[in-house]
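This is run_6.csv. It holds CSV, C-alpha atoms.
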chain,number,residue,atom,x,y,z
A,1,MET,CA,-20.6,110.8,109.1
A,2,GLU,CA,-19.5,113.8,111.1
A,3,GLU,CA,-20.0,116.1,108.1
A,4,ILE,CA,-23.5,114.9,107.7
A,5,VAL,CA,-24.4,115.4,111.3
A,6,ARG,CA,-22.7,118.8,111.5
A,7,ALA,CA,-24.5,119.9,108.3
A,8,PHE,CA,-28.0,119.0,109.7
A,9,THR,CA,-27.1,120.6,113.0
A,10,TYR,CA,-26.2,123.8,111.1
A,11,VAL,CA,-29.5,123.8,109.2
A,12,ILE,CA,-31.5,123.3,112.4
A,13,GLY,CA,-29.4,126.0,114.1
A,14,LYS,CA,-30.3,128.5,111.3
A,15,GLY,CA,-34.0,127.8,111.8
A,16,GLN,CA,-34.3,126.2,108.4
A,17,ALA,CA,-35.5,122.9,109.8
A,18,LEU,CA,-36.8,121.6,113.2
A,19,TYR,CA,-35.5,118.0,113.0
A,20,TRP,CA,-33.6,115.7,110.8
A,21,GLY,CA,-34.0,112.0,110.0
A,22,THR,CA,-32.6,109.3,107.9
A,23,SER,CA,-34.0,107.1,105.1
A,24,ARG,CA,-33.1,103.5,104.6
A,25,TRP,CA,-30.2,103.5,106.9
A,26,ASN,CA,-29.3,100.4,108.8
A,27,ALA,CA,-28.9,100.3,112.6
A,28,ILE,CA,-25.1,100.6,112.5
A,29,GLU,CA,-25.3,103.8,110.5
A,30,VAL,CA,-28.0,105.3,112.7
A,31,MET,CA,-26.0,104.5,115.8
A,32,GLU,CA,-22.9,106.0,114.2
A,33,ALA,CA,-24.7,109.3,113.6
A,34,TYR,CA,-26.1,109.2,117.2
A,35,THR,CA,-22.6,108.6,118.6
A,36,VAL,CA,-21.1,111.4,116.6
A,37,ALA,CA,-23.8,113.8,117.7
A,38,ARG,CA,-23.2,113.0,121.4
A,39,GLN,CA,-19.5,113.2,121.0
A,40,PHE,CA,-19.5,116.7,119.5
A,41,ASN,CA,-22.6,118.0,121.1
A,42,LEU,CA,-24.5,118.0,117.8
A,43,ILE,CA,-28.2,117.1,117.0
A,44,PRO,CA,-28.8,113.4,116.3
A,45,PRO,CA,-31.5,112.1,113.9
A,46,THR,CA,-35.0,111.7,115.4
A,47,ALA,CA,-36.5,109.2,112.9
A,48,GLU,CA,-35.7,106.6,110.3
A,49,GLN,CA,-37.8,106.4,107.1
A,50,CYS,CA,-38.0,102.8,106.1
A,51,GLU,CA,-40.2,100.4,104.1
A,52,TYR,CA,-42.6,98.7,106.4
A,53,ASN,CA,-45.7,96.7,105.7
A,54,MET,CA,-47.1,93.2,106.2
A,55,LEU,CA,-44.8,91.9,103.5
A,56,HIS,CA,-41.6,93.8,104.3
A,57,ARG,CA,-40.8,93.4,108.0
A,58,GLU,CA,-37.0,93.3,108.1
A,59,VAL,CA,-36.9,96.6,110.0
A,60,GLU,CA,-38.6,94.8,113.0
A,61,THR,CA,-35.2,93.3,113.8
A,62,GLN,CA,-33.5,96.7,114.2
A,63,ILE,CA,-35.9,99.5,115.0
A,64,PRO,CA,-37.2,98.3,118.4
A,65,GLU,CA,-33.8,98.3,119.9
A,66,LEU,CA,-33.1,101.8,118.6
A,67,TYR,CA,-36.5,103.0,119.8
A,68,GLN,CA,-35.8,101.7,123.3
A,69,LYS,CA,-32.2,102.9,123.5
A,70,ILE,CA,-32.2,106.3,121.8
A,71,GLY,CA,-35.9,107.1,121.2
A,72,LEU,CA,-35.6,106.8,117.4
A,73,GLY,CA,-39.0,107.0,115.7
A,74,CYS,CA,-39.9,105.0,112.5
A,75,ILE,CA,-41.8,106.5,109.6
A,76,GLY,CA,-43.0,103.6,107.4
A,77,TRP,CA,-43.3,104.1,103.7
A,78,SER,CA,-45.3,101.8,101.3
A,79,PRO,CA,-47.6,100.5,104.0
A,80,LEU,CA,-49.7,98.9,101.3
A,81,ALA,CA,-46.7,97.4,99.5
A,82,GLY,CA,-47.3,99.1,96.2
A,83,GLY,CA,-51.0,98.2,96.3
A,84,ILE,CA,-50.6,94.5,96.9
A,85,LEU,CA,-52.2,94.8,100.4
A,86,THR,CA,-55.3,96.5,99.0
A,87,GLY,CA,-56.5,93.1,97.7
A,88,LYS,CA,-57.0,94.4,94.2
A,89,TYR,CA,-54.7,91.7,92.8
A,90,CYS,CA,-56.5,88.8,94.3
A,91,ASP,CA,-58.2,87.9,91.1
A,92,GLY,CA,-55.5,88.9,88.7
A,93,ILE,CA,-53.9,92.2,87.5
A,94,PRO,CA,-56.5,94.9,86.6
A,95,PHE,CA,-55.6,96.8,83.5
A,96,TYR,CA,-55.8,100.1,85.4
A,97,SER,CA,-53.5,99.0,88.2
A,98,ARG,CA,-49.9,100.0,88.8
A,99,ALA,CA,-48.7,96.4,88.1
A,100,ALA,CA,-50.1,96.7,84.6
A,101,LEU,CA,-48.1,99.8,83.8
A,102,LYS,CA,-44.8,99.7,81.9
A,103,GLY,CA,-41.9,99.9,84.3
A,104,TYR,CA,-43.5,97.9,87.0
A,105,GLY,CA,-42.5,94.5,85.9
A,106,CYS,CA,-41.0,93.6,89.2
A,107,LEU,CA,-44.3,94.3,91.0
A,108,LYS,CA,-46.1,92.2,88.4
A,109,GLU,CA,-43.7,89.3,88.8
A,110,THR,CA,-44.0,89.4,92.5
A,111,ILE,CA,-47.8,89.2,92.3
A,112,LEU,CA,-47.8,86.3,89.8
A,113,SER,CA,-45.1,84.3,91.5
A,114,GLU,CA,-45.9,81.2,93.5
A,115,GLU,CA,-45.3,82.9,96.8
A,116,GLY,CA,-47.3,85.9,95.6
A,117,GLN,CA,-50.3,83.7,94.8
A,118,LYS,CA,-50.0,82.1,98.2
A,119,PHE,CA,-50.1,85.5,99.8
A,120,GLN,CA,-53.2,86.4,97.9
A,121,GLN,CA,-55.0,83.6,99.8
A,122,LYS,CA,-53.7,85.1,103.1
A,123,LEU,CA,-55.2,88.5,102.0
A,124,LYS,CA,-58.6,86.8,101.6
A,125,ASP,CA,-58.3,85.6,105.2
A,126,LEU,CA,-57.3,89.1,106.3
A,127,HIS,CA,-60.3,90.5,104.4
A,128,ASP,CA,-62.6,88.5,106.6
A,129,ILE,CA,-61.0,90.1,109.6
A,130,ALA,CA,-61.5,93.6,108.0
A,131,LEU,CA,-65.2,92.9,107.4
A,132,ARG,CA,-65.6,91.8,111.0
A,133,LEU,CA,-64.1,95.0,112.2
A,134,GLY,CA,-66.1,97.1,109.8
A,135,CYS,CA,-63.1,98.4,107.8
A,136,SER,CA,-61.4,97.9,104.4
A,137,LEU,CA,-58.4,95.8,103.8
A,138,PRO,CA,-56.2,98.9,103.1
A,139,GLN,CA,-57.3,100.3,106.5
A,140,LEU,CA,-56.5,97.1,108.2
A,141,SER,CA,-53.0,97.0,106.6
A,142,ILE,CA,-52.2,100.6,107.5
A,143,GLY,CA,-53.6,100.2,111.0
A,144,TRP,CA,-51.4,97.1,111.5
A,145,CYS,CA,-48.4,99.3,110.8
A,146,LEU,CA,-49.5,102.0,113.2
A,147,LYS,CA,-50.0,99.5,116.0
A,148,ASN,CA,-46.3,98.9,116.2
A,149,GLU,CA,-45.2,101.1,119.1
A,150,CYS,CA,-42.0,102.0,117.2
A,151,VAL,CA,-43.9,103.5,114.3
A,152,SER,CA,-44.4,107.2,114.6
A,153,SER,CA,-46.4,107.6,111.3
A,154,VAL,CA,-46.8,106.1,107.9
A,155,LEU,CA,-46.4,107.6,104.4
A,156,CYS,CA,-49.5,106.9,102.4
A,157,GLY,CA,-49.9,107.7,98.7
A,158,ALA,CA,-53.3,108.2,97.0
A,159,SER,CA,-54.3,108.6,93.4
A,160,ASN,CA,-57.6,110.4,94.3
A,161,PRO,CA,-59.3,112.2,97.2
A,162,ASP,CA,-61.5,109.1,98.0
A,163,GLN,CA,-58.4,107.0,98.6
A,164,MET,CA,-56.9,109.6,100.9
A,165,ARG,CA,-60.1,109.9,102.9
A,166,GLU,CA,-60.2,106.1,103.2
A,167,ASN,CA,-56.6,106.0,104.5
A,168,LEU,CA,-57.3,108.7,107.1
A,169,GLN,CA,-60.3,106.8,108.4
A,170,THR,CA,-57.8,104.2,109.6
A,171,LEU,CA,-57.4,106.2,112.7
A,172,LYS,CA,-61.0,105.3,113.7
A,173,ILE,CA,-60.4,101.6,113.6
A,174,LEU,CA,-57.1,101.5,115.6
A,175,PRO,CA,-59.0,100.9,118.9
A,176,LYS,CA,-60.5,97.8,117.4
A,177,LEU,CA,-57.1,96.3,116.7
A,178,SER,CA,-56.8,94.5,120.1
A,179,ASN,CA,-54.0,92.2,121.1
A,180,SER,CA,-56.2,89.2,120.2
A,181,VAL,CA,-56.9,90.7,116.7
A,182,MET,CA,-53.2,91.4,116.2
A,183,CYS,CA,-52.4,87.8,117.2
A,184,GLU,CA,-55.0,86.6,114.7
A,185,ILE,CA,-53.4,88.6,111.9
A,186,GLU,CA,-49.9,87.4,112.9
A,187,LYS,CA,-51.1,83.8,112.7
A,188,ILE,CA,-52.3,84.4,109.1
A,189,LEU,CA,-49.2,86.2,108.0
A,190,SER,CA,-46.8,83.7,109.6
A,191,ASN,CA,-43.8,85.8,108.5
A,192,LYS,CA,-42.6,87.4,111.7
A,193,LEU,CA,-38.8,87.8,111.9
A,194,ASN,CA,-36.5,87.2,114.9
A,195,ASN,CA,-33.2,88.9,115.6
A,196,SER,CA,-31.2,86.0,114.2
A,197,ARG,CA,-32.7,86.4,110.7
A,198,THR,CA,-31.6,89.0,108.2
A,199,THR,CA,-34.2,88.2,105.5
A,200,PRO,CA,-38.0,88.0,105.6
A,201,VAL,CA,-39.9,84.8,105.4
A,202,GLY,CA,-42.1,84.6,102.3
A,203,ILE,CA,-42.2,87.1,99.4
A,204,GLN,CA,-40.3,90.3,99.3
A,205,PHE,CA,-41.5,93.5,97.7
A,206,GLU,CA,-39.0,96.0,96.3
A,207,GLN,CA,-40.0,99.3,94.7
A,208,ARG,CA,-37.8,100.4,91.8

Step by step, read the file and then write its structure as structure tokens.
Amino acid sequence: MEEIVRAFTYVIGKGQALYWGTSRWNAIEVMEAYTVARQFNLIPPTAEQCEYNMLHREVETQIPELYQKIGLGCIGWSPLAGGILTGKYCDGIPFYSRAALKGYGCLKETILSEEGQKFQQKLKDLHDIALRLGCSLPQLSIGWCLKNECVSSVLCGASNPDQMRENLQTLKILPKLSNSVMCEIEKILSNKLNNSRTTPVGIQFEQR
């Protein structure tokens, strides 16, 4: 770990980077890097890149404590869970979708599983909230991620300019995501973790 922290400190010292962060590290690894940095007067990581969305919430049991203690930010990737949270799979798998492509069998199995089908019903309920707020389901899903105070930003992919513009419009609906709306969403999801759990309730999505 000391070699890693020293290497990034060297890169930053040479002006080749401004900050450094981690990706898919657990809380113990992040704290080890932070401790090494403080011990040898080096530069600690400033952010952790982790999968975070309405389906995958395991990080909620670790990041808040790191955010409070050392100011670590969270950059969430896959905020739409590989497209599941767009709602395009509510009526099956479209032939043009990612789940229909070769090599995405895991995603397809997740969608078609019993738990996956139950979650599609939850998406329909979430869609009703999105309509009431005047936004799309993808915007609601991304906005939900951004409302977490520990999340610095999210990584959004797009297959065309229209999708990118739609994703960026999420910033306009953030003020509409009041505490009451967030509680309403939480009630629908019913998969919030507590610190005593290590695995999410409900279906899990894993990109391969």

Selected residue of minimal separation from Gly82 of chain A among A:Met54, A:Val59, A:Leu189, A:Ala47, counting all atoms listed in the file:
A:Met54

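Rounded to one decimal, atom CA of Lys192 of chain A and atom CA of Leu55 of chain A lie 9.6 Å from each other.
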
Do you have the atom CA of Ser153 of chain A-atom CA of Asp125 of chain A distance handy?
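One can read the atom CA of Ser153 of chain A to atom CA of Asp125 of chain A distance as 25.7 Å.
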
I'd like the interatomic distance between atom CA of Tyr89 of chain A and atom CA of Ile173 of chain A, to a tenth of an Å.
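We find that atom CA of Tyr89 of chain A and atom CA of Ile173 of chain A lie 23.7 Å from each other.
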
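Using only C-alpha atoms, the smallest distance between any of A:Ser78, A:Thr110, A:Ser141, A:Asn167 and His127 of chain A comes from A:Ser141.
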
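With distances restricted to all atoms listed in the file, A:Glu3 is the closest residue to Ala33 of chain A from A:Glu3, A:Glu58, A:Glu51, A:Asp162.
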
Could you check the closest approach to Pro44 of chain A for each of A:Lys14, A:Arg6, A:Trp77, A:Gln62 and tell me which residue wins, using all atoms listed in the file?
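Among the listed residues, the smallest separation from Pro44 of chain A belongs to A:Arg6.
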
Select, from A:Asn191, A:Thr35, A:Gln16, A:Ser23, the residue with the minimum atom-to-atom distance to Met1 of chain A, counting all atoms listed in the file.
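Between A:Asn191, A:Thr35, A:Gln16, A:Ser23, the residue approaching Met1 of chain A most closely is A:Thr35.
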
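Every protein or nucleic acid residue with an atom no more than 12 Å from Gln121 of chain A, counting all atoms listed in the file and leaving out same-chain residues fewer than 3 positions away, appears here: Leu85, Gly87, Tyr89, Cys90, Asp91, Ile111, Glu114, Glu115, Gly116, Gln117, Lys118, Lys124, Asp125, Leu126, His127, Asp128, Ile188 and Leu189 of chain A.
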
Close residues, segment 92-105 of chain A itself excluded, 8 Å, all atoms listed in the file, min 3 positions apart in chain, as a ChimeraX atom specification
/A:82-83,88-89,108-109,208

Identify, on the basis of only C-alpha atoms, every residue whose closest approach to Ser152 of chain A does not exceed 10 Å; exclude the query and any residue fewer than 3 positions from it along the same chain; express the result as a list in words.
Ala47, Glu48, Leu72, Gly73, Cys74, Ile75, Gly76, Cys145, Leu146, Lys147, Asn148 and Glu149 of chain A

Would you save the residues from that selection as a PDB file, in the frame of the given file, using C-alpha atoms?
ATOM      1  CA  ALA A  47     -36.500 109.200 112.900  1.00  0.00           C
ATOM      2  CA  GLU A  48     -35.700 106.600 110.300  1.00  0.00           C
ATOM      3  CA  LEU A  72     -35.600 106.800 117.400  1.00  0.00           C
ATOM      4  CA  GLY A  73     -39.000 107.000 115.700  1.00  0.00           C
ATOM      5  CA  CYS A  74     -39.900 105.000 112.500  1.00  0.00           C
ATOM      6  CA  ILE A  75     -41.800 106.500 109.600  1.00  0.00           C
ATOM      7  CA  GLY A  76     -43.000 103.600 107.400  1.00  0.00           C
ATOM      8  CA  CYS A 145     -48.400  99.300 110.800  1.00  0.00           C
ATOM      9  CA  LEU A 146     -49.500 102.000 113.200  1.00  0.00           C
ATOM     10  CA  LYS A 147     -50.000  99.500 116.000  1.00  0.00           C
ATOM     11  CA  ASN A 148     -46.300  98.900 116.200  1.00  0.00           C
ATOM     12  CA  GLU A 149     -45.200 101.100 119.100  1.00  0.00           C
TER      13      GLU A 149
END

Can you pull out every residue within 6 Å of Tyr52 of chain A, counting all atoms listed in the file, but drop anything in the same chain fewer than 3 positions away, and send it as a ChimeraX atom specification?
/A:56-57,76,79

Which residue, A:Ile28, A:Leu42, A:Ala37, A:Leu174, has the smallest gap to Glu65 of chain A when you use all atoms listed in the file?
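Once distances to Glu65 of chain A are computed over all atoms listed in the file, the minimum belongs to A:Ile28.
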
Hey, could you patch up segment 2-15 of chain A with N, CA, C and O atoms and hand it over as a JSON list (two decimals), in the frame of the given file?
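See out.json below for the written result:
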[["chain", "number", "residue", "atom", "x", "y", "z"],
["A", 2, "GLU", "N", -19.51, 112.52, 110.36],
["A", 2, "GLU", "CA", -19.50, 113.80, 111.10],
["A", 2, "GLU", "C", -19.92, 114.95, 110.28],
["A", 2, "GLU", "O", -20.62, 115.84, 110.77],
["A", 3, "GLU", "N", -19.54, 114.97, 109.01],
["A", 3, "GLU", "CA", -20.00, 116.10, 108.10],
["A", 3, "GLU", "C", -21.48, 116.10, 107.97],
["A", 3, "GLU", "O", -22.09, 117.17, 107.94],
["A", 4, "ILE", "N", -22.09, 114.93, 107.85],
["A", 4, "ILE", "CA", -23.50, 114.90, 107.70],
["A", 4, "ILE", "C", -24.24, 115.41, 108.94],
["A", 4, "ILE", "O", -25.15, 116.25, 108.84],
["A", 5, "VAL", "N", -23.81, 114.94, 110.10],
["A", 5, "VAL", "CA", -24.40, 115.40, 111.30],
["A", 5, "VAL", "C", -24.22, 116.87, 111.59],
["A", 5, "VAL", "O", -25.13, 117.59, 112.00],
["A", 6, "ARG", "N", -23.02, 117.34, 111.29],
["A", 6, "ARG", "CA", -22.70, 118.80, 111.50],
["A", 6, "ARG", "C", -23.59, 119.60, 110.50],
["A", 6, "ARG", "O", -24.07, 120.68, 110.85],
["A", 7, "ALA", "N", -23.77, 119.11, 109.27],
["A", 7, "ALA", "CA", -24.50, 119.90, 108.30],
["A", 7, "ALA", "C", -26.00, 120.02, 108.73],
["A", 7, "ALA", "O", -26.58, 121.11, 108.65],
["A", 8, "PHE", "N", -26.59, 118.95, 109.22],
["A", 8, "PHE", "CA", -28.00, 119.00, 109.70],
["A", 8, "PHE", "C", -28.11, 119.85, 110.95],
["A", 8, "PHE", "O", -29.11, 120.55, 111.15],
["A", 9, "THR", "N", -27.13, 119.78, 111.80],
["A", 9, "THR", "CA", -27.10, 120.60, 113.00],
["A", 9, "THR", "C", -27.09, 122.08, 112.63],
["A", 9, "THR", "O", -27.77, 122.91, 113.23],
["A", 10, "TYR", "N", -26.29, 122.41, 111.61],
["A", 10, "TYR", "CA", -26.20, 123.80, 111.10],
["A", 10, "TYR", "C", -27.53, 124.26, 110.56],
["A", 10, "TYR", "O", -27.98, 125.38, 110.86],
["A", 11, "VAL", "N", -28.18, 123.41, 109.76],
["A", 11, "VAL", "CA", -29.50, 123.80, 109.20],
["A", 11, "VAL", "C", -30.51, 124.03, 110.25],
["A", 11, "VAL", "O", -31.27, 125.01, 110.18],
["A", 12, "ILE", "N", -30.53, 123.17, 111.26],
["A", 12, "ILE", "CA", -31.50, 123.30, 112.40],
["A", 12, "ILE", "C", -31.16, 124.60, 113.15],
["A", 12, "ILE", "O", -32.05, 125.36, 113.55],
["A", 13, "GLY", "N", -29.87, 124.84, 113.37],
["A", 13, "GLY", "CA", -29.40, 126.00, 114.10],
["A", 13, "GLY", "C", -29.83, 127.32, 113.40],
["A", 13, "GLY", "O", -30.08, 128.35, 114.05],
["A", 14, "LYS", "N", -29.90, 127.29, 112.07],
["A", 14, "LYS", "CA", -30.30, 128.50, 111.30],
["A", 14, "LYS", "C", -31.81, 128.61, 111.20],
["A", 14, "LYS", "O", -32.30, 129.56, 110.58],
["A", 15, "GLY", "N", -32.54, 127.70, 111.81],
["A", 15, "GLY", "CA", -34.00, 127.80, 111.80],
["A", 15, "GLY", "C", -34.62, 127.31, 110.48],
["A", 15, "GLY", "O", -35.80, 127.56, 110.22]]
